[in-house]
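**Student:** protein-v1.cif (mmCIF, C-alpha atoms) pasted underneath:
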```cif
data_coords
#
loop_
_atom_site.label_atom_id
_atom_site.label_comp_id
_atom_site.auth_asym_id
_atom_site.auth_seq_id
_atom_site.Cartn_x
_atom_site.Cartn_y
_atom_site.Cartn_z
CA MET A 29 -24.17 -28.05 -23.46
CA LYS A 30 -20.59 -28.50 -24.66
CA THR A 31 -19.78 -24.87 -23.75
CA VAL A 32 -21.19 -25.36 -20.24
CA LEU A 33 -19.06 -28.47 -19.77
CA LEU A 34 -15.93 -26.64 -20.95
CA ILE A 35 -16.57 -23.72 -18.58
CA THR A 36 -17.24 -26.12 -15.69
CA PHE A 37 -14.03 -28.03 -16.46
CA ALA A 38 -12.01 -24.77 -16.66
CA LEU A 39 -13.43 -23.57 -13.34
CA PHE A 40 -12.68 -26.93 -11.72
CA ASN A 41 -9.06 -26.74 -12.94
CA LEU A 42 -8.75 -23.15 -11.73
CA VAL A 43 -10.04 -24.00 -8.24
CA SER A 44 -7.86 -27.12 -8.12
CA PHE A 45 -4.78 -25.13 -9.19
CA GLY A 46 -5.46 -22.51 -6.49
CA GLN A 47 -6.00 -25.16 -3.79
CA ASP A 48 -2.77 -26.96 -4.73
CA ASN A 49 -0.80 -23.74 -4.41
CA THR A 50 -2.50 -22.91 -1.12
CA LYS A 51 -1.40 -26.30 0.24
CA LYS A 52 2.16 -25.71 -1.00
CA ILE A 53 2.63 -22.39 0.76
CA LYS A 54 0.94 -23.46 4.01
CA LYS A 55 4.27 -24.98 5.05
CA VAL A 56 6.19 -21.75 4.38
CA LYS A 57 6.76 -20.07 7.75
CA THR A 58 9.82 -17.80 7.39
CA VAL A 59 11.22 -15.26 4.94
CA ASP A 60 14.09 -17.66 4.13
CA GLN A 61 11.62 -20.45 3.37
CA ALA A 62 9.59 -18.03 1.23
CA ASN A 63 12.67 -17.08 -0.78
CA ALA A 64 13.53 -20.76 -1.27
CA PHE A 65 9.93 -21.47 -2.35
CA ILE A 66 10.02 -18.61 -4.88
CA LYS A 67 13.30 -19.91 -6.32
CA ALA A 68 12.00 -23.51 -6.53
CA ASN A 69 8.70 -22.51 -8.19
CA PRO A 70 9.47 -19.85 -10.83
CA ASN A 71 6.23 -20.61 -12.71
CA LEU A 72 4.22 -19.18 -9.78
CA LYS A 73 5.86 -15.75 -10.20
CA GLY A 74 6.24 -15.47 -6.44
CA GLU A 75 7.45 -12.43 -4.59
CA ILE A 76 7.61 -11.12 -1.04
CA ILE A 77 5.68 -7.90 -0.63
CA GLN A 78 5.66 -5.53 2.35
CA ILE A 79 2.41 -4.15 3.75
CA ASN A 80 2.50 -1.29 6.23
CA SER A 81 -0.57 -1.14 8.49
CA GLY A 82 -0.14 2.63 8.84
CA THR A 83 0.17 3.63 5.20
CA ASP A 84 -1.23 0.86 2.98
CA SER A 85 -4.96 1.31 2.46
CA SER A 86 -5.65 -0.76 -0.66
CA ALA A 87 -8.51 -3.29 -0.54
CA ILE A 88 -6.01 -6.17 -0.83
CA ALA A 89 -3.85 -4.84 2.03
CA LYS A 90 -6.93 -4.44 4.24
CA LYS A 91 -8.06 -8.02 3.57
CA ILE A 92 -4.61 -9.40 4.39
CA ILE A 93 -4.30 -7.34 7.59
CA GLU A 94 -7.83 -8.19 8.73
CA ASP A 95 -7.37 -11.95 8.19
CA LYS A 96 -6.14 -13.39 11.49
CA SER A 97 -6.23 -17.07 10.51
CA GLY A 98 -2.56 -17.36 9.54
CA ASN A 99 -3.64 -19.41 6.52
CA PRO A 100 -3.07 -18.49 2.88
CA ILE A 101 -5.90 -16.44 1.36
CA ILE A 102 -6.88 -16.14 -2.28
CA ILE A 103 -7.69 -12.67 -3.58
CA GLU A 104 -8.48 -12.37 -7.28
CA ALA A 105 -5.80 -14.33 -9.19
CA TYR A 106 -3.22 -14.47 -6.37
CA THR A 107 -2.64 -16.35 -3.13
CA TYR A 108 -1.15 -14.46 -0.18
CA LYS A 109 0.41 -15.77 3.02
CA VAL A 110 1.68 -13.60 5.86
CA ILE A 111 5.19 -14.82 6.70
CA GLU A 112 6.32 -12.30 9.29
CA ILE A 113 4.91 -9.37 11.25
CA LYS A 114 7.23 -6.79 12.80
CA LYS A 115 6.46 -3.72 14.85
CA SER A 116 7.77 -0.43 13.54
CA SER A 117 7.27 3.31 13.96
CA LEU A 118 6.23 5.80 11.33
CA LEU A 119 8.13 9.04 11.83
CA ARG A 120 7.49 12.48 10.40
CA ALA A 121 9.60 15.61 10.44
CA SER A 122 10.68 18.52 8.31
CA TYR A 123 14.35 19.19 7.75
CA ILE A 124 16.98 21.48 6.33
CA ASN A 125 19.98 19.56 5.02
CA LEU A 126 23.29 21.39 4.86
CA LEU A 127 25.46 19.16 2.71
CA GLY A 128 29.02 18.70 3.90
CA ASP A 129 30.36 18.85 0.34
CA LYS A 130 29.02 22.42 -0.01
CA TYR A 131 30.06 23.82 3.37
CA SER A 132 32.78 23.31 5.94
CA ILE A 133 31.74 22.12 9.42
CA HIS A 134 32.45 25.64 10.74
CA GLN A 135 30.11 27.14 8.10
CA ILE A 136 27.43 24.54 8.82
CA ASP A 137 27.48 25.32 12.55
CA SER A 138 27.20 29.06 11.80
CA ILE A 139 24.29 28.58 9.37
CA ARG A 140 22.48 26.31 11.81
CA LYS A 141 22.70 28.98 14.53
CA VAL A 142 21.19 31.52 12.12
CA ILE A 143 18.37 29.13 11.14
CA ILE A 144 17.52 28.34 14.77
CA ALA A 145 17.56 32.04 15.73
CA LYS A 146 15.28 32.95 12.80
CA TYR A 147 12.87 30.13 13.66
CA ASN A 148 12.76 31.22 17.30
CA ASN A 149 11.95 34.76 16.07
CA GLY A 150 8.86 33.49 14.27
CA ILE A 151 9.99 32.75 10.72
CA PRO A 152 8.14 29.63 9.48
CA PHE A 153 10.29 26.54 9.07
CA SER A 154 9.01 26.06 5.50
CA ASP A 155 10.39 29.51 4.56
CA LEU A 156 13.74 28.68 6.13
CA ALA A 157 13.83 25.35 4.28
CA LYS A 158 13.29 27.12 0.95
CA GLU A 159 16.14 29.49 1.76
CA TYR A 160 18.72 27.13 3.23
CA ASN A 161 18.11 23.51 2.22
CA THR A 162 20.80 22.15 -0.11
CA ASP A 163 19.53 18.70 -1.16
CA GLY A 164 17.02 19.81 -3.79
CA ASN A 165 13.83 18.91 -1.89
CA PRO A 166 11.69 22.08 -2.05
CA ASN A 167 9.25 21.38 0.81
CA CYS A 168 11.57 19.34 3.08
CA ASP A 169 8.68 17.37 4.62
CA LEU A 170 9.60 13.70 4.95
CA GLY A 171 5.99 12.52 4.99
CA TRP A 172 5.29 9.39 7.04
CA VAL A 173 8.39 7.18 6.82
CA PRO A 174 9.03 3.79 8.51
CA GLU A 175 11.96 4.22 10.88
CA GLU A 176 13.96 1.45 9.19
CA MET A 177 14.01 3.44 5.93
CA LEU A 178 15.92 6.30 7.55
CA ILE A 179 19.59 6.42 8.46
CA THR A 180 20.08 5.49 12.12
CA GLU A 181 21.23 8.96 13.21
CA PHE A 182 18.05 10.47 11.79
CA SER A 183 15.50 7.95 13.11
CA THR A 184 17.10 7.86 16.58
CA ALA A 185 17.08 11.65 16.91
CA ILE A 186 13.45 11.96 15.78
CA LYS A 187 12.32 9.28 18.25
CA GLU A 188 14.18 11.00 21.09
CA HIS A 189 12.37 14.33 20.57
CA LYS A 190 8.84 15.59 21.10
CA THR A 191 6.55 17.08 18.48
CA GLY A 192 7.47 20.75 18.00
CA ASP A 193 11.14 20.29 18.99
CA LEU A 194 13.78 21.89 16.76
CA PHE A 195 17.13 20.11 16.85
CA THR A 196 20.25 19.27 14.86
CA ILE A 197 21.36 15.92 13.49
CA ASP A 198 24.84 15.04 12.24
CA ALA A 199 25.46 12.14 9.84
CA PRO A 200 29.15 12.70 9.01
CA CYS A 201 29.52 9.37 7.17
CA ASN A 202 27.13 10.75 4.54
CA SER A 203 28.24 14.39 4.91
CA TRP A 204 24.66 15.28 5.90
CA TYR A 205 24.04 17.92 8.56
CA TYR A 206 20.47 18.81 9.50
CA VAL A 207 18.29 21.25 11.32
CA THR A 208 15.14 19.24 12.00
CA LEU A 209 11.64 20.06 13.19
CA LYS A 210 9.58 17.15 14.55
CA THR A 211 6.11 17.76 13.15
CA PHE A 212 4.04 14.78 14.39
CA ASP A 213 4.02 12.21 17.18
CA ASP A 214 5.42 8.80 16.17
CA ARG A 215 2.83 6.26 14.99
CA GLU A 216 3.23 2.61 15.95
CA VAL A 217 2.51 0.29 13.01
CA LYS A 218 2.99 -3.31 11.89
CA ILE A 219 4.99 -4.31 8.82
CA TYR A 220 3.70 -7.50 7.19
CA SER A 221 6.03 -9.58 4.99
CA VAL A 222 3.71 -11.46 2.66
CA LEU A 223 4.42 -14.24 0.15
CA LYS A 224 2.39 -13.59 -3.01
CA ILE A 225 2.02 -16.22 -5.74
CA LYS A 226 -0.19 -16.74 -8.77
CA SER A 227 -3.35 -18.75 -8.07
CA ALA A 228 -4.29 -19.13 -11.72
CA ASN A 229 -2.61 -19.56 -15.08
#
```
Written as structure tokens, how would this file's structure read?
**Tutor:**
Amino acid sequence: MKTVLLITFALFNLVSFGQDNTKKIKKVKTVDQANAFIKANPNLKGEIIQINSGTDSSAIAKKIIEDKSGNPIIIEAYTYKVIEIKKSSLLRASYINLLGDKYSIHQIDSIRKVIIAKYNNGIPFSDLAKEYNTDGNPNCDLGWVPEEMLITEFSTAIKEHKTGDLFTIDAPCNSWYYVTLKTFDDREVKIYSVLKIKSAN
């Protein structure tokens, strides 16, 4: 009987603790408020996490995305509250980077002409990437990347082209010079900024 009472008391405290925290973060509406809340409540081990609707497929991410209430939700030992939702694009391309610290601009332009001519004559882009890329990435496929994670020159150029287009990109501030192949259509996604705190001790 004593054990049952102790378990009941522990569960009551756990639920009460979770409900108190849920009430606390209900008032948090912006990223700035979330950061202030995290700083003011270090015992809750709070953090702001990013969930990408196009690439995050975990059970927790799905529950957060599917919940449309706008209220905090408790999943396992944590409470989550969506603070901000932004639209974004996932971009995908393959590239050959000709680093400006290895070649002069004149050499880069010459090599790019050779690459484009070889591609137009049927040589696969992946073979050309293995031969010419200078940044150490062997397959040169970006994978699906949110546009905000790319340098502006790169994301802008990819969005301006159609799938299958071969084009050049210059990012002289970084000494990066590319031949780029757009491999997929852009995918529109949502990026969720989520406040995550402990629901239980």
**Student:** If the PyMOL selection byres ((chain A and resi 190) around 10) is run on the structure shown, which residues does it catch, given as number ranges by chain?
**Tutor:** A: 186-189, 191-194, 209-214
**Student:** Counting all atoms listed in the file, figure out which residue out of A:Ile219, A:Ile225, A:Tyr147, A:Arg120 gets nearest to Ile93 of chain A.
**Tutor:**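 The shortest atom-to-atom distance to Ile93 of chain A comes from A:Ile219.
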**Student:** Could you please determine the separation between atom CA of Asp137 of chain A and atom CA of Ile197 of chain A in Å, to one decimal place?
**Tutor:** 11.3 Å
**Student:** On this structure, the PyMOL selection byres ((chain A and resi 166) around 12) would catch which residues? List them as a list in words, sorted by chain and number.
**Tutor:**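 Applying the expression gives Ser122, Tyr123, Ile124, Asn125, Ser154, Asp155, Leu156, Ala157, Lys158, Glu159, Tyr160, Asn161, Thr162, Asp163, Gly164, Asn165, Asn167, Cys168, Asp169 and Leu170 of chain A.
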**Student:** Would you write out those residues with C-alpha atoms, as a JSON list (two decimals), in the coordinates of the input?
**Tutor:**
```json
[["chain", "number", "residue", "atom", "x", "y", "z"],
["A", 122, "SER", "CA", 10.68, 18.52, 8.31],
["A", 123, "TYR", "CA", 14.35, 19.19, 7.75],
["A", 124, "ILE", "CA", 16.98, 21.48, 6.33],
["A", 125, "ASN", "CA", 19.98, 19.56, 5.02],
["A", 154, "SER", "CA", 9.01, 26.06, 5.50],
["A", 155, "ASP", "CA", 10.39, 29.51, 4.56],
["A", 156, "LEU", "CA", 13.74, 28.68, 6.13],
["A", 157, "ALA", "CA", 13.83, 25.35, 4.28],
["A", 158, "LYS", "CA", 13.29, 27.12, 0.95],
["A", 159, "GLU", "CA", 16.14, 29.49, 1.76],
["A", 160, "TYR", "CA", 18.72, 27.13, 3.23],
["A", 161, "ASN", "CA", 18.11, 23.51, 2.22],
["A", 162, "THR", "CA", 20.80, 22.15, -0.11],
["A", 163, "ASP", "CA", 19.53, 18.70, -1.16],
["A", 164, "GLY", "CA", 17.02, 19.81, -3.79],
["A", 165, "ASN", "CA", 13.83, 18.91, -1.89],
["A", 167, "ASN", "CA", 9.25, 21.38, 0.81],
["A", 168, "CYS", "CA", 11.57, 19.34, 3.08],
["A", 169, "ASP", "CA", 8.68, 17.37, 4.62],
["A", 170, "LEU", "CA", 9.60, 13.70, 4.95]]
```
**Student:** Residues at most 12 Å from Asn202 of chain A, counting all atoms listed in the file, excluding those fewer than 2 positions away in the same chain, as a ChimeraX atom specification?
**Tutor:** /A:125-129,179-182,197-200,204-206
**Student:** Please dump the current selection as a PDB file, in the frame of the given file; keep C-alpha atoms.
**Tutor:**
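To be explicit, this is the file written out as selection-v6.pdb:
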```
ATOM      1  CA  ASN A 125      19.980  19.560   5.020  1.00  0.00           C
ATOM      2  CA  LEU A 126      23.290  21.390   4.860  1.00  0.00           C
ATOM      3  CA  LEU A 127      25.460  19.160   2.710  1.00  0.00           C
ATOM      4  CA  GLY A 128      29.020  18.700   3.900  1.00  0.00           C
ATOM      5  CA  ASP A 129      30.360  18.850   0.340  1.00  0.00           C
ATOM      6  CA  ILE A 179      19.590   6.420   8.460  1.00  0.00           C
ATOM      7  CA  THR A 180      20.080   5.490  12.120  1.00  0.00           C
ATOM      8  CA  GLU A 181      21.230   8.960  13.210  1.00  0.00           C
ATOM      9  CA  PHE A 182      18.050  10.470  11.790  1.00  0.00           C
ATOM     10  CA  ILE A 197      21.360  15.920  13.490  1.00  0.00           C
ATOM     11  CA  ASP A 198      24.840  15.040  12.240  1.00  0.00           C
ATOM     12  CA  ALA A 199      25.460  12.140   9.840  1.00  0.00           C
ATOM     13  CA  PRO A 200      29.150  12.700   9.010  1.00  0.00           C
ATOM     14  CA  TRP A 204      24.660  15.280   5.900  1.00  0.00           C
ATOM     15  CA  TYR A 205      24.040  17.920   8.560  1.00  0.00           C
ATOM     16  CA  TYR A 206      20.470  18.810   9.500  1.00  0.00           C
TER      17      TYR A 206
END
```
**Student:** Step by step, work through what the PyMOL selection byres ((chain A and resi 108) around 7) selects in the shown file, and finish by giving those residues as a VMD selection string.
**Tutor:** chain A and resid 100 to 102 106 to 107 109 to 110 222 to 225
**Student:** Extract, using all atoms listed in the file, all DNA, RNA and protein residues at most 8 Å from Val59 of chain A, discarding same-chain residues fewer than 5 positions from it, and format them as a ChimeraX atom specification.
**Tutor:** /A:111-112,221
**Student:** Considering all atoms listed in the file, can you say which of A:Gly98, A:Gly82, A:Pro174, A:Pro152 comes closest to Ile53 of chain A?
**Tutor:**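 Nearest candidate to Ile53 of chain A out of A:Gly98, A:Gly82, A:Pro174, A:Pro152: A:Gly98.
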**Student:** Report, in Å with one decimal, the straight-line distance from atom CA of Glu175 of chain A to atom CA of Ile113 of chain A.
**Tutor:**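 That distance, rounded to one decimal, is 15.3 Å.
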**Student:** Edge lengths and centre in Å to one decimal, as JSON, of the axis-aligned box that encloses all listed atoms of segment 212-215 of chain A with 8 Å added on every side?
**Tutor:**
```
{"center_x": 4.1, "center_y": 10.5, "center_z": 15.8, "size_x": 18.6, "size_y": 24.5, "size_z": 18.8}
```
**Student:** Write out as a PyMOL selection string each polymer residue whose atoms come within 10 Å of Glu176 of chain A, counting all atoms listed in the file; drop sequence neighbours fewer than 3 positions from it.
**Tutor:** chain A and resi 116-119+173+179-180+183
**Student:** Using atom CA of Met177 of chain A and atom CA of Ala89 of chain A as the two end points, give the distance in Å to one decimal.
**Tutor:**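 Taking atom CA of Met177 of chain A and atom CA of Ala89 of chain A, their separation equals 20.1 Å.
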**Student:** With distances taken over all atoms listed in the file, which of A:Ile66, A:Cys201, A:Val142, A:Val217 is nearest to Lys115 of chain A?
**Tutor:** A:Val217
**Student:** Fewer than 3 positions away in the same chain doesn't count, so skip those; otherwise give me all residues within 9 Å of Ile143 of chain A, counting only C-alpha atoms, as a PyMOL selection string.
**Tutor:** chain A and resi 138-140+146-148+153+156+160+207
**Student:** With distances taken over all atoms listed in the file, which of A:His134, A:Ile144, A:Ser97, A:Ser86 is nearest to Thr208 of chain A?
**Tutor:** A:Ile144
